[in-house]
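Shown below: model06.txt, with compact mmCIF, C-alpha atoms.
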```txt
# COMPACT_ATOMS: atom_id res chain seq x y z
CA MET P 1 17.38 0.85 -38.76
CA LYS P 2 17.46 4.48 -37.64
CA ASN P 3 13.65 4.56 -37.30
CA THR P 4 13.67 1.31 -35.30
CA CYS P 5 16.26 2.70 -32.84
CA MET P 6 14.26 5.91 -32.46
CA ALA P 7 11.04 3.96 -31.83
CA ILE P 8 12.78 1.85 -29.16
CA LEU P 9 14.19 4.94 -27.42
CA VAL P 10 10.80 6.69 -27.43
CA SER P 11 9.11 3.54 -26.09
CA LEU P 12 11.67 3.22 -23.30
CA GLY P 13 11.13 6.88 -22.43
CA PHE P 14 7.36 6.38 -22.11
CA ILE P 15 7.86 3.25 -20.00
CA ALA P 16 10.33 5.01 -17.67
CA THR P 17 7.98 7.98 -17.30
CA GLY P 18 5.07 5.67 -16.55
CA PHE P 19 6.99 3.86 -13.81
CA ALA P 20 8.25 7.12 -12.30
CA GLN P 21 4.67 8.32 -11.77
CA GLU P 22 3.35 5.20 -10.05
CA ILE P 23 2.49 5.51 -6.40
CA SER P 24 2.58 2.75 -3.84
CA LYS P 25 -0.55 0.61 -3.52
CA ASN P 26 -0.43 0.88 0.31
CA ALA P 27 1.62 2.85 2.83
CA ILE P 28 1.35 2.85 6.62
CA GLY P 29 3.27 4.79 9.24
CA LEU P 30 3.25 7.97 11.28
CA ARG P 31 2.48 11.58 10.52
CA LEU P 32 4.21 13.77 13.08
CA GLY P 33 2.33 17.07 13.25
CA ASP P 34 2.82 20.16 15.35
CA SER P 35 1.45 20.47 18.86
CA ASP P 36 -1.45 22.69 17.73
CA GLY P 37 -3.07 19.56 16.32
CA PHE P 38 -2.98 16.13 17.91
CA GLY P 39 0.77 15.65 17.40
CA ALA P 40 1.59 12.14 16.18
CA GLU P 41 -1.02 10.36 14.05
CA VAL P 42 -1.16 6.82 12.68
CA SER P 43 -1.40 7.25 8.91
CA TYR P 44 -2.58 4.89 6.15
CA GLN P 45 -2.55 5.62 2.40
CA ARG P 46 -4.36 3.56 -0.25
CA ALA P 47 -3.88 4.11 -3.99
CA ILE P 48 -7.11 4.28 -5.99
CA GLY P 49 -5.51 4.94 -9.36
CA ASP P 50 -2.19 5.70 -11.01
CA ASN P 51 -2.03 9.18 -9.48
CA ASN P 52 -4.84 9.29 -6.88
CA ARG P 53 -5.03 7.96 -3.34
CA LEU P 54 -6.90 8.16 -0.07
CA GLU P 55 -5.20 8.94 3.25
CA PHE P 56 -6.62 8.22 6.70
CA ASP P 57 -4.99 9.64 9.83
CA LEU P 58 -5.92 8.82 13.43
CA GLY P 59 -4.52 11.00 16.19
CA TRP P 60 -5.16 10.71 19.91
CA ARG P 61 -3.98 12.25 23.12
CA ASP P 62 -4.27 10.87 26.59
CA GLY P 63 -3.10 12.78 29.62
CA SER P 64 -3.95 13.44 33.23
CA ASP P 65 -6.41 16.22 32.34
CA TYR P 66 -7.02 15.81 28.60
CA ASP P 67 -8.29 12.95 26.40
CA GLY P 68 -9.17 13.17 22.75
CA PHE P 69 -9.03 11.70 19.28
CA LYS P 70 -9.23 13.00 15.72
CA LEU P 71 -9.82 11.05 12.50
CA ALA P 72 -9.08 12.68 9.12
CA GLY P 73 -9.81 11.35 5.63
CA LEU P 74 -8.11 13.01 2.63
CA TYR P 75 -8.15 12.58 -1.14
CA HIS P 76 -4.84 13.22 -2.93
CA TRP P 77 -3.93 13.96 -6.51
CA VAL P 78 -0.26 13.00 -6.91
CA TRP P 79 2.11 14.47 -9.51
CA ASN P 80 5.66 13.35 -10.23
CA ILE P 81 8.38 16.02 -10.00
CA GLU P 82 11.44 13.95 -10.89
CA GLY P 83 12.76 10.55 -9.88
CA GLY P 84 11.27 9.57 -6.52
CA PHE P 85 9.95 13.08 -5.75
CA ASN P 86 6.19 13.70 -5.94
CA TRP P 87 3.97 16.52 -4.85
CA TYR P 88 0.34 16.12 -3.89
CA ALA P 89 -2.73 18.14 -2.99
CA GLY P 90 -6.34 17.48 -2.14
CA PRO P 91 -9.38 18.06 0.08
CA GLY P 92 -10.49 16.18 3.16
CA LEU P 93 -12.75 16.09 6.16
CA GLY P 94 -12.82 14.54 9.58
CA PHE P 95 -14.25 14.42 13.06
CA GLY P 96 -13.04 14.17 16.61
CA ALA P 97 -13.92 14.42 20.28
CA TYR P 98 -12.17 15.52 23.44
CA SER P 99 -12.62 15.77 27.19
CA PHE P 100 -10.77 18.33 29.32
CA ASP P 101 -10.68 18.39 33.14
CA HIS P 102 -10.06 21.84 34.64
CA TYR P 103 -8.04 22.14 37.84
CA HIS P 104 -11.09 23.46 39.76
CA GLY P 105 -13.27 20.44 38.93
CA ARG P 106 -15.12 21.68 35.85
CA LYS P 107 -15.16 19.31 32.88
CA ASP P 108 -15.48 20.26 29.20
CA SER P 109 -16.16 17.84 26.39
CA ASP P 110 -17.17 18.25 22.78
CA ALA P 111 -17.34 16.52 19.44
CA PHE P 112 -16.46 18.38 16.27
CA VAL P 113 -16.14 18.04 12.50
CA PHE P 114 -13.67 19.78 10.24
CA LEU P 115 -12.89 20.48 6.60
CA ALA P 116 -9.26 20.16 5.54
CA GLY P 117 -6.96 20.76 2.63
CA ASN P 118 -3.56 19.18 2.15
CA ILE P 119 -0.53 20.02 0.04
CA GLY P 120 2.85 18.37 0.35
CA ILE P 121 5.98 16.89 -1.14
CA GLU P 122 7.22 13.32 -0.74
CA TYR P 123 10.19 11.17 -1.63
CA SER P 124 9.90 7.44 -2.34
CA PHE P 125 13.18 5.61 -1.77
CA ASP P 126 14.31 2.54 -3.75
CA PHE P 127 13.47 0.47 -0.66
CA PRO P 128 9.92 0.63 0.82
CA LEU P 129 10.24 3.95 2.69
CA LEU P 130 8.21 7.08 1.94
CA LEU P 131 9.08 10.44 3.57
CA SER P 132 6.75 13.42 3.23
CA LEU P 133 6.34 16.98 4.43
CA ASP P 134 2.88 18.53 4.20
CA PHE P 135 0.82 21.57 5.13
CA ARG P 136 -2.79 21.00 6.23
CA PRO P 137 -5.18 23.85 7.01
CA GLU P 138 -8.28 22.70 8.94
CA LEU P 139 -11.52 24.60 9.51
CA GLY P 140 -13.33 23.19 12.56
CA PHE P 141 -16.99 23.27 13.59
CA GLY P 142 -18.06 22.33 17.13
CA ASN P 143 -20.28 23.40 20.03
CA SER P 144 -17.65 25.08 22.17
CA ASP P 145 -14.81 27.52 21.67
CA PHE P 146 -12.14 25.04 22.76
CA ASP P 147 -9.69 24.78 19.84
CA ASN P 148 -12.11 23.51 17.19
CA ASN P 149 -14.18 26.48 15.96
CA ASP P 150 -11.39 28.10 14.04
CA LEU P 151 -8.85 27.78 11.28
CA ASP P 152 -5.82 25.71 12.28
CA PHE P 153 -2.63 25.28 10.28
CA ASP P 154 -0.85 21.96 10.79
CA ILE P 155 2.55 21.04 9.36
CA GLY P 156 3.48 17.36 9.43
CA LEU P 157 6.37 15.05 8.66
CA GLY P 158 5.30 11.62 7.41
CA VAL P 159 7.32 8.42 7.68
CA ARG P 160 5.57 5.45 6.02
CA TYR P 161 6.34 1.87 5.01
CA GLN P 162 5.17 1.09 1.45
CA PHE P 163 3.74 -2.29 0.44
```
As C-alpha cells, how would this structure be written, given the file I've shared?
Amino acid sequence: MKNTCMAILVSLGFIATGFAQEISKNAIGLRLGDSDGFGAEVSYQRAIGDNNRLEFDLGWRDGSDYDGFKLAGLYHWVWNIEGGFNWYAGPGLGFGAYSFDHYHGRKDSDAFVFLAGNIGIEYSFDFPLLLSLDFRPELGFGNSDFDNNDLDFDIGLGVRYQF
C-alpha cells in the first residue's frame, strides 16, 4: 500500500510538472517597445513543440515626414521557472524599409535587414492572457546611416491573448 501511494504521488508530480511547462499553441497581441525601435508592434507566437515557439512581430510608423515598417521573426526556447512564470531566449532576423522627408525637400529611403537576439520573462494567467517583458538587441545592415547600421537595444512589454 505504501509503494502504491508513493507511485501515485510521483506520477502526479510528473503530470503537474509536465502541464506547468506547456506553452500556448497560439498567442496574438501587442509588443510595446521603446521609441528607438518602431514602438508598438503586432505580435504573433506559434508553438512548435513543448518548449519551443516562433514569434513574428510587425511594426510600422506613419507620420507627416516618416513612413516605415519592420518585420521580425524569432525562435524561442522556453523554460518554466515556477507556476505560470517562464523565461525564454533565442535568435532571430528581420527586414524593414523606411522613407523620411526632410524639411528642405530632400527625401531618404532605405531597406535593411537585421540580426536579433531575444531574452525575456513571461507570466501566463489562468485565463488566456500572457504578459511578457523582453530585451532584444538588433544589429542592422542597410545602405545608409539612418538608424539601421548599428546595434540597437529594444526593451518591450508584450500583452497577448492565448488560444
Expressed in Å to a single decimal, how great is the separation between atom CA of Phe153 of chain P and atom CA of Ile48 of chain P?
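Between atom CA of Phe153 of chain P and atom CA of Ile48 of chain P the gap works out to 26.9 Å.
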For a quick check of understanding, using all atoms listed in the file, which of P:Gly156, P:Gly49, P:Arg61, P:Gly84 has the smallest distance to Phe127 of chain P?
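Checking each of P:Gly156, P:Gly49, P:Arg61, P:Gly84 against Phe127 of chain P, counting all atoms listed in the file, the winner is P:Gly84.
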Coordinates-based distance that separates atom CA of Glu138 of chain P from atom CA of Ser99 of chain P (Å, one decimal)
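Atom-to-atom, atom CA of Ser99 of chain P and atom CA of Glu138 of chain P are spaced 20.0 Å apart.
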When you look at Ala47 of chain P with a cut-off of 10 Å (counting only C-alpha atoms), what residues show up, excluding the ones that are within fewer than 6 positions of it in the same chain? I need them as number ranges by chain.
P: 22-27, 53-55, 75-76
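Nearest-residue note for Gly33 of chain P: choosing from P:Leu74, P:Arg46, P:Phe85, P:Trp60, the minimum distance belongs to P:Trp60, counting all atoms listed in the file.
Using all atoms listed in the file, the protein and nucleic acid residues lying no more than 7 Å from Tyr88 of chain P, apart from those fewer than 2 places from it along its own chain, are His76, Trp77, Val78, Trp79, Asn86, Ile119, Gly120 and Ile121 of chain P.
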Mind pulling up the distance from atom CA of Phe69 of chain P to atom CA of Pro91 of chain P?
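Between atom CA of Pro91 of chain P and atom CA of Phe69 of chain P the gap is 20.2 Å.
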Find the residue from P:Gly158, P:Gly117, P:Gly96, P:Gly68 that sits nearest to Ser132 of chain P; use all atoms listed in the file when measuring.
P:Gly158
Tell me, as a ChimeraX atom specification, which residues lie within 10 Å of Tyr66 of chain P, counting all atoms listed in the file; anything in the same chain fewer than 5 positions away does not count.
/P:61,98-102,107-109
So which one's closest to Leu115 of chain P, P:Glu41, P:Asp134, P:Asp150, P:Asp34? Using all atoms listed in the file, please.
P:Asp150
Could you complete segment 53-64 of chain P so that it carries all heavy atoms, and give it back as an mmCIF file, keeping the file's coordinate frame?
```
data_model
loop_
_atom_site.group_PDB
_atom_site.id
_atom_site.type_symbol
_atom_site.label_atom_id
_atom_site.label_comp_id
_atom_site.auth_asym_id
_atom_site.auth_seq_id
_atom_site.Cartn_x
_atom_site.Cartn_y
_atom_site.Cartn_z
ATOM 1 N N ARG P 53 -5.024 8.833 -4.514
ATOM 2 C CA ARG P 53 -5.030 7.960 -3.340
ATOM 3 C C ARG P 53 -5.888 8.577 -2.241
ATOM 4 O O ARG P 53 -6.218 9.759 -2.264
ATOM 5 C CB ARG P 53 -3.621 7.716 -2.834
ATOM 6 C CG ARG P 53 -2.969 8.914 -2.229
ATOM 7 C CD ARG P 53 -1.593 8.599 -1.685
ATOM 8 N NE ARG P 53 -0.939 9.832 -1.307
ATOM 9 C CZ ARG P 53 0.326 10.079 -1.481
ATOM 10 N NH1 ARG P 53 1.116 9.177 -2.024
ATOM 11 N NH2 ARG P 53 0.843 11.223 -1.105
ATOM 12 N N LEU P 54 -6.215 7.732 -1.275
ATOM 13 C CA LEU P 54 -6.900 8.160 -0.070
ATOM 14 C C LEU P 54 -5.919 8.066 1.088
ATOM 15 O O LEU P 54 -5.070 7.171 1.112
ATOM 16 C CB LEU P 54 -8.102 7.258 0.219
ATOM 17 C CG LEU P 54 -9.219 7.279 -0.796
ATOM 18 C CD1 LEU P 54 -10.268 6.233 -0.450
ATOM 19 C CD2 LEU P 54 -9.866 8.657 -0.867
ATOM 20 N N GLU P 55 -6.031 8.977 2.036
ATOM 21 C CA GLU P 55 -5.200 8.940 3.250
ATOM 22 C C GLU P 55 -6.115 9.051 4.453
ATOM 23 O O GLU P 55 -7.031 9.871 4.483
ATOM 24 C CB GLU P 55 -4.196 10.086 3.261
ATOM 25 C CG GLU P 55 -3.334 10.103 4.505
ATOM 26 C CD GLU P 55 -2.274 11.189 4.506
ATOM 27 O OE1 GLU P 55 -1.810 11.585 3.424
ATOM 28 O OE2 GLU P 55 -1.922 11.634 5.612
ATOM 29 N N PHE P 56 -5.879 8.197 5.451
ATOM 30 C CA PHE P 56 -6.620 8.220 6.700
ATOM 31 C C PHE P 56 -5.630 8.381 7.844
ATOM 32 O O PHE P 56 -4.648 7.640 7.923
ATOM 33 C CB PHE P 56 -7.423 6.921 6.879
ATOM 34 C CG PHE P 56 -8.409 6.685 5.779
ATOM 35 C CD1 PHE P 56 -8.099 5.850 4.723
ATOM 36 C CD2 PHE P 56 -9.627 7.332 5.782
ATOM 37 C CE1 PHE P 56 -8.997 5.633 3.700
ATOM 38 C CE2 PHE P 56 -10.532 7.134 4.755
ATOM 39 C CZ PHE P 56 -10.221 6.281 3.710
ATOM 40 N N ASP P 57 -5.872 9.363 8.710
ATOM 41 C CA ASP P 57 -4.990 9.640 9.830
ATOM 42 C C ASP P 57 -5.797 9.619 11.129
ATOM 43 O O ASP P 57 -6.855 10.247 11.216
ATOM 44 C CB ASP P 57 -4.338 11.026 9.685
ATOM 45 C CG ASP P 57 -3.462 11.125 8.460
ATOM 46 O OD1 ASP P 57 -2.824 10.119 8.105
ATOM 47 O OD2 ASP P 57 -3.405 12.206 7.851
ATOM 48 N N LEU P 58 -5.286 8.899 12.119
ATOM 49 C CA LEU P 58 -5.920 8.820 13.430
ATOM 50 C C LEU P 58 -4.945 9.347 14.470
ATOM 51 O O LEU P 58 -3.860 8.795 14.650
ATOM 52 C CB LEU P 58 -6.306 7.380 13.779
ATOM 53 C CG LEU P 58 -6.837 7.162 15.193
ATOM 54 C CD1 LEU P 58 -8.140 7.934 15.406
ATOM 55 C CD2 LEU P 58 -7.037 5.689 15.466
ATOM 56 N N GLY P 59 -5.332 10.431 15.129
ATOM 57 C CA GLY P 59 -4.520 11.000 16.190
ATOM 58 C C GLY P 59 -5.266 10.911 17.502
ATOM 59 O O GLY P 59 -6.495 10.995 17.546
ATOM 60 N N TRP P 60 -4.539 10.727 18.582
ATOM 61 C CA TRP P 60 -5.160 10.710 19.910
ATOM 62 C C TRP P 60 -4.188 11.250 20.928
ATOM 63 O O TRP P 60 -2.985 11.206 20.761
ATOM 64 C CB TRP P 60 -5.651 9.315 20.277
ATOM 65 C CG TRP P 60 -4.559 8.339 20.570
ATOM 66 C CD1 TRP P 60 -3.987 8.078 21.779
ATOM 67 C CD2 TRP P 60 -3.882 7.512 19.631
ATOM 68 N NE1 TRP P 60 -3.006 7.139 21.653
ATOM 69 C CE2 TRP P 60 -2.920 6.765 20.328
ATOM 70 C CE3 TRP P 60 -3.992 7.321 18.247
ATOM 71 C CZ2 TRP P 60 -2.080 5.868 19.715
ATOM 72 C CZ3 TRP P 60 -3.149 6.415 17.644
ATOM 73 C CH2 TRP P 60 -2.217 5.705 18.369
ATOM 74 N N ARG P 61 -4.766 11.756 21.985
ATOM 75 C CA ARG P 61 -3.980 12.250 23.120
ATOM 76 C C ARG P 61 -4.638 11.733 24.387
ATOM 77 O O ARG P 61 -5.854 11.701 24.506
ATOM 78 C CB ARG P 61 -3.950 13.772 23.151
ATOM 79 C CG ARG P 61 -3.032 14.353 22.126
ATOM 80 C CD ARG P 61 -2.562 15.700 22.570
ATOM 81 N NE ARG P 61 -1.585 16.194 21.623
ATOM 82 C CZ ARG P 61 -1.198 17.434 21.584
ATOM 83 N NH1 ARG P 61 -1.682 18.309 22.420
ATOM 84 N NH2 ARG P 61 -0.291 17.818 20.714
ATOM 85 N N ASP P 62 -3.796 11.372 25.316
ATOM 86 C CA ASP P 62 -4.270 10.870 26.590
ATOM 87 C C ASP P 62 -3.357 11.409 27.672
ATOM 88 O O ASP P 62 -2.160 11.140 27.662
ATOM 89 C CB ASP P 62 -4.250 9.333 26.582
ATOM 90 C CG ASP P 62 -4.861 8.728 27.816
ATOM 91 O OD1 ASP P 62 -5.616 9.436 28.505
ATOM 92 O OD2 ASP P 62 -4.586 7.553 28.090
ATOM 93 N N GLY P 63 -3.900 12.198 28.552
ATOM 94 C CA GLY P 63 -3.100 12.780 29.620
ATOM 95 C C GLY P 63 -3.875 12.798 30.921
ATOM 96 O O GLY P 63 -5.004 12.305 31.004
ATOM 97 N N SER P 64 -3.298 13.413 31.928
ATOM 98 C CA SER P 64 -3.950 13.440 33.230
ATOM 99 C C SER P 64 -5.202 14.322 33.219
ATOM 100 O O SER P 64 -6.139 14.069 33.962
ATOM 101 C CB SER P 64 -2.981 13.926 34.303
ATOM 102 O OG SER P 64 -2.531 15.228 33.993
#
```
